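Participant: This is the structure I want to talk about, given as structure tokens.
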Amino acid sequence: MSLPVPVRKAVERMRPYHPPLEGRGGKMRLDFNENPAGCPPEVKRALANLSADEIAMYPEQETTRKELAKFFGARAEELLLANGTDEALHLIVNTFVDPGDAVLVAEPTFAMYRFYAELAGARIEALRYDGELNFPVVRVIAALRKKPRVLFIANPNNPTGSLVKLEELKAILAAAARTMVVVDEAYFEFSGLTVLPWIRKHKNLIVTRTFSKAAGLAGLRLGCIFVNEELAAHMRKAQSPYPVNVAALAAARALSREKTFLARTVEEFRKSREELVRGLARLGLRQFPSAANFVLVDAGQQAKQIAAGLARRKILIRDRSHDFGGAGYVRITIGTRAQTRTLLRQLKEVL
Ligand SMILES: Cc1ncc(COP(=O)(O)O)c(C=O)c1O
């Protein structure tokens, strides 16, 4: 059937994106690196206390933005809020990338970098992690000579769980004078490694953070962009007028005022990750060191059987084989220690 109006060429070329499956509620969700233990009660109370007035009005974000900037150790002028990191990435591409511009990524990595770049009609320069899943720092620095508009780095990276070291990021920034370097710190709470303070020194550095992972607010969609004031002002012009809803703002305020939740979460998941790593080793499964709230497992021929067997037992993990040219890799999100013990018991049965 011919279309009344042709879709943009970039859209025509895109493969349909398959969003997460429905029906995950009530199951043990170790598939999307959310916080499987959920958000603190203070957040639920803040949501329940939203007034009809607040819900009826367009969201006002300035007070919250100031409060959150302080929480993250930044100035309000350096922070933009977005409907999840996803929309933050979209805004970054909309601000800096024209059709035909180059966007540099090292894959496998978070799929949305490629997604928004392709949507914008950019040329994707994709390098690969090596067999040991090391970030290809030398090749990235070489590729920066061609001045791609944007370089995306997830740190820690999803799905590998690996970290790019601070010295490597320093070398990348030194080589990237004509490129916006986006360091996506969605899993910062687990790695403890950040370059956020560097945004003052490096005008081409953007750092993103999210409330979807450790903070347990994935359903509310709230992401943060940190960048120097001058570029932040330009990015604000490219943003829609109400990018974040009133519930997300209330939840983020409550979460940032709750003093112990994040520290307790990180400590529990760190212990849980150690148990998972030991348990997987006992089962003879090869895995990669992770600085995030998930572990990538090289399960070879068994990958599909493991994911399907666990799903039958209402435990969801992610088959990431397509990231590795079909070889069998699964990614398992860290839950509480109780959840990890259940997972390991069930996994043993599946195997
Ligand atoms: C590296 C990375 N960045 C961003 C996101 C998405 O974050 P948000 O929920 O804030 O859109 C994910 C989610 O899996 C991720 O792995």
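Within each chain, counting starts at residue 1; across the structure tokens, chains are named A, B, ... in the order shown, with ligands numbered 1 upward in that order.
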Run DSSP on the backbone and tell me which residues of segment 117-161 of chain A come out as strand (DSSP E); list them as a tab-separated table (two decimals) with N, CA and C atoms, in the first residue's frame.
Facilitator:
chain	number	residue	atom	x	y	z
A	123	ARG	N	25.26	8.89	10.68
A	123	ARG	CA	26.08	7.75	10.29
A	123	ARG	C	26.63	7.14	11.56
A	124	ILE	N	26.44	5.86	11.75
A	124	ILE	CA	26.92	5.23	12.99
A	124	ILE	C	28.31	4.67	12.74
A	125	GLU	N	29.28	5.11	13.52
A	125	GLU	CA	30.63	4.52	13.51
A	125	GLU	C	30.67	3.58	14.71
A	126	ALA	N	30.59	2.27	14.43
A	126	ALA	CA	30.52	1.32	15.55
A	126	ALA	C	31.80	0.53	15.67
A	127	LEU	N	32.49	0.69	16.79
A	127	LEU	CA	33.66	-0.15	17.11
A	127	LEU	C	33.14	-1.28	17.99
A	128	ARG	N	33.99	-2.30	18.20
A	128	ARG	CA	33.56	-3.44	19.03
A	128	ARG	C	34.42	-3.56	20.28
A	150	VAL	N	29.14	13.09	18.20
A	150	VAL	CA	28.88	12.59	19.56
A	150	VAL	C	29.54	11.23	19.73
A	151	LEU	N	30.11	11.02	20.91
A	151	LEU	CA	30.59	9.69	21.32
A	151	LEU	C	29.79	9.29	22.55
A	152	PHE	N	29.17	8.11	22.50
A	152	PHE	CA	28.42	7.63	23.66
A	152	PHE	C	29.22	6.55	24.38
A	153	ILE	N	29.36	6.72	25.69
A	153	ILE	CA	30.02	5.69	26.52
A	153	ILE	C	29.11	5.41	27.72
A	154	ALA	N	28.72	4.15	27.89
A	154	ALA	CA	28.00	3.79	29.11
A	154	ALA	C	29.05	3.33	30.11
Participant: 7 Å from ligand 1 is the threshold here; counting only C-alpha atoms and all ligand atoms, which polymer residues fall inside it? Answer as JSON, numbers by chain.
Facilitator: {"A": [32, 33, 84, 85, 86, 87, 110, 154, 157, 158, 184, 185, 186, 210, 211, 212, 218, 221, 222, 223]}
Participant: With distances taken over only C-alpha atoms, which residue among A:Pro99, A:Gly26, A:Gly309, A:Pro148 lies nearest Met180 of chain A?
Facilitator: A:Pro148
Participant: If we count only C-alpha atoms and set the cut-off at 10 Å, which residues sit around segment 67-81 of chain A, ignoring sequence neighbours fewer than 5 positions away in its own chain? Please answer as a PyMOL selection string.
Facilitator: chain A and resi 61-62+87-88+196-197+199-200+206-210+222-233+235-236+239+242-244+249+252-253+255-257
Participant: Pick from A:Ala303, A:Val164, A:Val138, A:Ala254: nearest to Leu47 of chain A, with only C-alpha atoms counted?
Facilitator: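 Smallest separation from Leu47 of chain A among the options: A:Ala254.
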Participant: Using only C-alpha atoms, which residues sit within 7 Å of segment 285-296 of chain A once same-chain residues fewer than 3 positions away are excluded, as JSON, numbers by chain?
Facilitator: {"A": [33, 156, 159, 160, 161, 162, 163, 187, 190, 191, 280, 281, 299, 329, 330, 331, 332, 333, 334]}
Participant: Selected residues, C-alpha atoms, written as an mmCIF file, in the first residue's frame, please.
Facilitator:
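Result went into result_39.cif, see below:
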data_model
loop_
_atom_site.group_PDB
_atom_site.id
_atom_site.type_symbol
_atom_site.label_atom_id
_atom_site.label_comp_id
_atom_site.auth_asym_id
_atom_site.auth_seq_id
_atom_site.Cartn_x
_atom_site.Cartn_y
_atom_site.Cartn_z
ATOM 1 C CA ASN A 33 18.471 -3.914 35.552
ATOM 2 C CA PRO A 156 29.624 0.948 33.609
ATOM 3 C CA PRO A 159 25.462 -5.421 28.926
ATOM 4 C CA THR A 160 29.143 -6.091 29.707
ATOM 5 C CA GLY A 161 29.250 -4.584 33.223
ATOM 6 C CA SER A 162 32.765 -3.309 32.467
ATOM 7 C CA LEU A 163 34.206 0.075 33.397
ATOM 8 C CA TYR A 187 24.755 2.444 37.109
ATOM 9 C CA PHE A 190 26.975 0.544 41.973
ATOM 10 C CA SER A 191 30.346 1.498 40.459
ATOM 11 C CA LEU A 280 27.538 -19.076 39.047
ATOM 12 C CA ALA A 281 31.166 -20.178 39.364
ATOM 13 C CA ALA A 299 26.315 -19.683 28.796
ATOM 14 C CA TYR A 329 25.108 -14.825 26.537
ATOM 15 C CA VAL A 330 22.594 -14.049 29.257
ATOM 16 C CA ARG A 331 22.463 -11.010 31.506
ATOM 17 C CA ILE A 332 21.193 -11.388 35.059
ATOM 18 C CA THR A 333 20.153 -8.367 37.127
ATOM 19 C CA ILE A 334 21.162 -8.420 40.777
#
Participant: Select, from A:Ala177, A:Leu166, A:Met28, A:Val195, the residue with the minimum atom-to-atom distance to Thr336 of chain A, counting only C-alpha atoms.
Facilitator: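 Of all the options, A:Met28 lies closest to Thr336 of chain A.
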Participant: Applying 9 Å and only C-alpha atoms, which residues near Ala37 of chain A remain after dropping the ones on its own chain fewer than 6 positions away? List them as a short mmCIF file (atom, residue, chain, number, x, y, z; two decimals) with C-alpha atoms, in the first residue's frame.
Facilitator:
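Saved as part.cif:
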data_model
loop_
_atom_site.label_atom_id
_atom_site.label_comp_id
_atom_site.auth_asym_id
_atom_site.auth_seq_id
_atom_site.Cartn_x
_atom_site.Cartn_y
_atom_site.Cartn_z
CA GLY A 216 13.86 2.04 41.86
CA THR A 265 20.41 -0.71 48.41
CA GLY A 335 18.29 -8.65 43.24
CA THR A 336 18.35 -8.93 47.02
#
Participant: So that I can check the surroundings of Lys304 of chain A, please list as JSON, numbers by chain every protein, DNA and RNA residue that reaches within 8 Å of it, counting only C-alpha atoms and ignoring chain neighbours fewer than 4 positions away.
Facilitator: {"A": [308, 319, 328]}
Participant: Using only C-alpha atoms, which residue out of A:Ala120, A:Val105, A:Ala250, A:Leu351 lies closest to Val183 of chain A?
Facilitator: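 Comparing A:Ala120, A:Val105, A:Ala250, A:Leu351 against Val183 of chain A, the winner is A:Val105.
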Participant: Find the distance between atom CA of Glu274 of chain A and atom CA of Ile317 of chain A and write it in Å to one decimal.
Facilitator: 17.8 Å
Participant: Which residues come within 7 Å of Gly121 of chain A, counting only C-alpha atoms, excluding same-chain residues fewer than 4 positions away, as a PyMOL selection string?
Facilitator: chain A and resi 10+99-100+117
Participant: Looking at only C-alpha atoms, which of A:Leu343, A:Ala327, A:Arg320, A:Glu22 is the one that sits closest to Glu275 of chain A?
Facilitator: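 Going through A:Leu343, A:Ala327, A:Arg320, A:Glu22 one by one, the smallest distance to Glu275 of chain A is for A:Leu343.
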Participant: Do you have the atom CA of Gly300 of chain A-atom CA of Leu21 of chain A distance handy?
Facilitator: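 Taking atom CA of Gly300 of chain A as the start and atom CA of Leu21 of chain A as the end point, the length is 23.6 Å.
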Participant: Counting only C-alpha atoms, which residue out of A:Val246, A:His322, A:Leu144, A:Glu349 sits closest to Asp53 of chain A?
Facilitator: A:Val246
Participant: Going by DSSP on the backbone, which bits of segment 88-330 of chain A are alpha helix (DSSP H)? Write them as an NGL selection string, please.
Facilitator: :A and (88-96 or 111-119 or 137-143 or 166-175 or 188-191 or 229-237 or 246-257 or 261-282 or 303-312)
